[in-house]
Amino acid sequence: MTKAKVGRRKVKRAPVVLLLHASMVQQEDGLRQWFQAEPGKTRHQIRYLYSLFAFKSDEYFFARELVVHKPNFWVFRCNQKAFCGDFLVVDMSAPKAADRSLWLLDLKEGCPLHDGAGPAGAQMIRAARAVAAVHERYDAVLAEQVPTKLVGAALALLTYFGCGDSVAAVSDHGDEGEVAEPGALSLS
């Protein structure tokens with residue numbers, strides 16, 4: 001066996017999405033602690049994975065409020081280098097995957113809520129990759145399902161999803177985006 005073959009290790013690709021659990025968002029450092037608790041990971045692997053999924057700005061508060069206040073939602077953090085948005089959210093209320101609502105979100109501080117079309121949605125160009133990953137790993141959605149794409153400030157998105165109690169928690173962190181009432185945004 002050559003030296004090159006002996007030294008090579010099979011490298012797994014980083015996941016496209018990460019299903020968020022309450023333990024990952026109950027404290028600001030919860031996601032890092034979750035990665036550190038994974039057996040068999042080196043410090044380098046932990047730092048690398050954390051860098052791909054770490055929360056910036058109001059993303060932590062958004063994720064925490066959505067996970068805590070919407071237990072029927074599965075909230076996935078998207079790999080920040082995969083160009084598939086910030087979060088993929090599945091409403092698991094419907095028993096059949098075909099009947100479940102699916103949203104791809106891109107959080108932008110101070111941004112009013114709008115659909116993910118145009119230049120604002122450039123961060124979502126590989127949305128199908130995130131949907132495929134959720135389908136393959138969790139079978140929560142159909143492989144060909146097209147998510148509703150939304151861009152906006154954390155406050156606006158939380159209000160859209162009916163997390164009214166969360167508004168104070170996020171607004172304390174300087175999120176100034178305009179708020180849209182649930183169902184008020186036309187995305188056709």
# chains A, B, ... in the order shown; residues from 1 in each chain; ligands from 1

call {"tool": "closest_atom_pairs", "arguments": {"of": "range 126-146 of chain A", "to": "range 95-111 of chain A", "cutoff": "8 Å", "atoms": "only C-alpha atoms", "output": "tab-separated table"}}
result
residue	atom	partner	partner_atom	distance
A:Ala127	CA	A:Leu104	CA	7.4
A:Asp139	CA	A:Ala97	CA	7.5
A:Ala140	CA	A:Ala97	CA	5.5
A:Val141	CA	A:Ala97	CA	4.7
A:Leu142	CA	A:Ala97	CA	6.1
A:Gln145	CA	A:Ala98	CA	7.9
A:Val146	CA	A:Leu102	CA	7.6

call {"tool": "select_by_dssp", "arguments": {"residues": "range 16-162 of chain A", "states": "alpha helix (DSSP H)", "output": "MDAnalysis selection string"}}
result
chainID A and resid 22:25 30:37 43:53 59:69 127:138 154:160

call {"tool": "select_by_dssp", "arguments": {"residues": "range 30-174 of chain A", "states": "strand (DSSP E)", "output": "MDAnalysis selection string"}}
result
chainID A and resid 73:78 87:91 102:107 114:115 148:152

call {"tool": "atom_distance", "arguments": {"atom1": "CA of His114 in chain A", "atom2": "CA of Lys149 in chain A"}}
result
8.6 Å

call {"tool": "closest_residue", "arguments": {"among": "A:Leu20, A:Ala153, A:Val67, A:Ala14", "to": "Gln45 in chain A", "atoms": "only C-alpha atoms"}}
result
A:Ala14

call {"tool": "atom_distance", "arguments": {"atom1": "CA of Phe55 in chain A", "atom2": "CA of Leu31 in chain A"}}
result
8.6 Å

call {"tool": "residues_around", "arguments": {"residues": "Asp29 in chain A", "least_positions_apart": "4", "cutoff": "10 Å", "atoms": "only C-alpha atoms", "output": "PDB file with all heavy atoms, in the first residue's frame"}}
result
ATOM      1  N   MET A  24     -30.273  22.836  21.353  1.00  0.00           N
ATOM      2  CA  MET A  24     -29.322  23.590  20.534  1.00  0.00           C
ATOM      3  C   MET A  24     -29.571  25.093  20.593  1.00  0.00           C
ATOM      4  O   MET A  24     -28.690  25.872  20.241  1.00  0.00           O
ATOM      5  CB  MET A  24     -29.416  23.141  19.074  1.00  0.00           C
ATOM      6  CG  MET A  24     -29.071  21.704  18.837  1.00  0.00           C
ATOM      7  SD  MET A  24     -29.622  21.264  17.187  1.00  0.00           S
ATOM      8  CE  MET A  24     -28.359  20.149  16.686  1.00  0.00           C
ATOM      9  N   VAL A  25     -30.781  25.480  21.005  1.00  0.00           N
ATOM     10  CA  VAL A  25     -31.133  26.905  20.981  1.00  0.00           C
ATOM     11  C   VAL A  25     -31.554  27.457  22.345  1.00  0.00           C
ATOM     12  O   VAL A  25     -31.965  28.601  22.442  1.00  0.00           O
ATOM     13  CB  VAL A  25     -32.238  27.184  19.937  1.00  0.00           C
ATOM     14  CG1 VAL A  25     -31.727  26.892  18.528  1.00  0.00           C
ATOM     15  CG2 VAL A  25     -33.500  26.406  20.226  1.00  0.00           C
ATOM     16  N   GLN A  33     -21.974  23.667  21.736  1.00  0.00           N
ATOM     17  CA  GLN A  33     -21.919  22.574  22.703  1.00  0.00           C
ATOM     18  C   GLN A  33     -22.439  21.277  22.091  1.00  0.00           C
ATOM     19  O   GLN A  33     -21.915  20.198  22.376  1.00  0.00           O
ATOM     20  CB  GLN A  33     -22.718  22.936  23.951  1.00  0.00           C
ATOM     21  CG  GLN A  33     -22.069  24.013  24.773  1.00  0.00           C
ATOM     22  CD  GLN A  33     -22.927  24.438  25.948  1.00  0.00           C
ATOM     23  OE1 GLN A  33     -23.916  23.787  26.284  1.00  0.00           O
ATOM     24  NE2 GLN A  33     -22.547  25.536  26.590  1.00  0.00           N
ATOM     25  N   TRP A  34     -23.449  21.375  21.253  1.00  0.00           N
ATOM     26  CA  TRP A  34     -23.986  20.183  20.590  1.00  0.00           C
ATOM     27  C   TRP A  34     -22.927  19.547  19.694  1.00  0.00           C
ATOM     28  O   TRP A  34     -22.749  18.332  19.697  1.00  0.00           O
ATOM     29  CB  TRP A  34     -25.242  20.550  19.800  1.00  0.00           C
ATOM     30  CG  TRP A  34     -25.924  19.359  19.208  1.00  0.00           C
ATOM     31  CD1 TRP A  34     -26.782  18.500  19.829  1.00  0.00           C
ATOM     32  CD2 TRP A  34     -25.784  18.871  17.868  1.00  0.00           C
ATOM     33  NE1 TRP A  34     -27.185  17.518  18.955  1.00  0.00           N
ATOM     34  CE2 TRP A  34     -26.587  17.718  17.745  1.00  0.00           C
ATOM     35  CE3 TRP A  34     -25.053  19.306  16.765  1.00  0.00           C
ATOM     36  CZ2 TRP A  34     -26.686  17.002  16.565  1.00  0.00           C
ATOM     37  CZ3 TRP A  34     -25.153  18.578  15.586  1.00  0.00           C
ATOM     38  CH2 TRP A  34     -25.963  17.441  15.501  1.00  0.00           C
ATOM     39  N   ALA A  54     -23.192  28.324  12.420  1.00  0.00           N
ATOM     40  CA  ALA A  54     -23.275  29.295  13.507  1.00  0.00           C
ATOM     41  C   ALA A  54     -24.308  30.382  13.205  1.00  0.00           C
ATOM     42  O   ALA A  54     -24.501  30.771  12.056  1.00  0.00           O
ATOM     43  CB  ALA A  54     -21.912  29.933  13.755  1.00  0.00           C
ATOM     44  N   PHE A  55     -24.941  30.853  14.259  1.00  0.00           N
ATOM     45  CA  PHE A  55     -25.928  31.924  14.136  1.00  0.00           C
ATOM     46  C   PHE A  55     -25.225  33.271  14.146  1.00  0.00           C
ATOM     47  O   PHE A  55     -24.300  33.493  14.914  1.00  0.00           O
ATOM     48  CB  PHE A  55     -26.923  31.881  15.304  1.00  0.00           C
ATOM     49  CG  PHE A  55     -27.701  30.604  15.392  1.00  0.00           C
ATOM     50  CD1 PHE A  55     -27.608  29.807  16.514  1.00  0.00           C
ATOM     51  CD2 PHE A  55     -28.536  30.205  14.368  1.00  0.00           C
ATOM     52  CE1 PHE A  55     -28.328  28.633  16.618  1.00  0.00           C
ATOM     53  CE2 PHE A  55     -29.263  29.031  14.453  1.00  0.00           C
ATOM     54  CZ  PHE A  55     -29.163  28.244  15.582  1.00  0.00           C
ATOM     55  N   TYR A  60     -29.984  33.554  16.028  1.00  0.00           N
ATOM     56  CA  TYR A  60     -30.138  32.728  17.223  1.00  0.00           C
ATOM     57  C   TYR A  60     -31.499  32.974  17.874  1.00  0.00           C
ATOM     58  O   TYR A  60     -32.223  32.040  18.200  1.00  0.00           O
ATOM     59  CB  TYR A  60     -29.012  32.986  18.240  1.00  0.00           C
ATOM     60  CG  TYR A  60     -29.361  32.486  19.615  1.00  0.00           C
ATOM     61  CD1 TYR A  60     -29.395  31.123  19.877  1.00  0.00           C
ATOM     62  CD2 TYR A  60     -29.709  33.364  20.626  1.00  0.00           C
ATOM     63  CE1 TYR A  60     -29.762  30.652  21.129  1.00  0.00           C
ATOM     64  CE2 TYR A  60     -30.067  32.899  21.872  1.00  0.00           C
ATOM     65  CZ  TYR A  60     -30.094  31.551  22.124  1.00  0.00           C
ATOM     66  OH  TYR A  60     -30.465  31.082  23.350  1.00  0.00           O
TER      67      TYR A  60
END

call {"tool": "atom_distance", "arguments": {"atom1": "CA of Asp86 in chain A", "atom2": "CA of Val151 in chain A"}}
result
9.7 Å
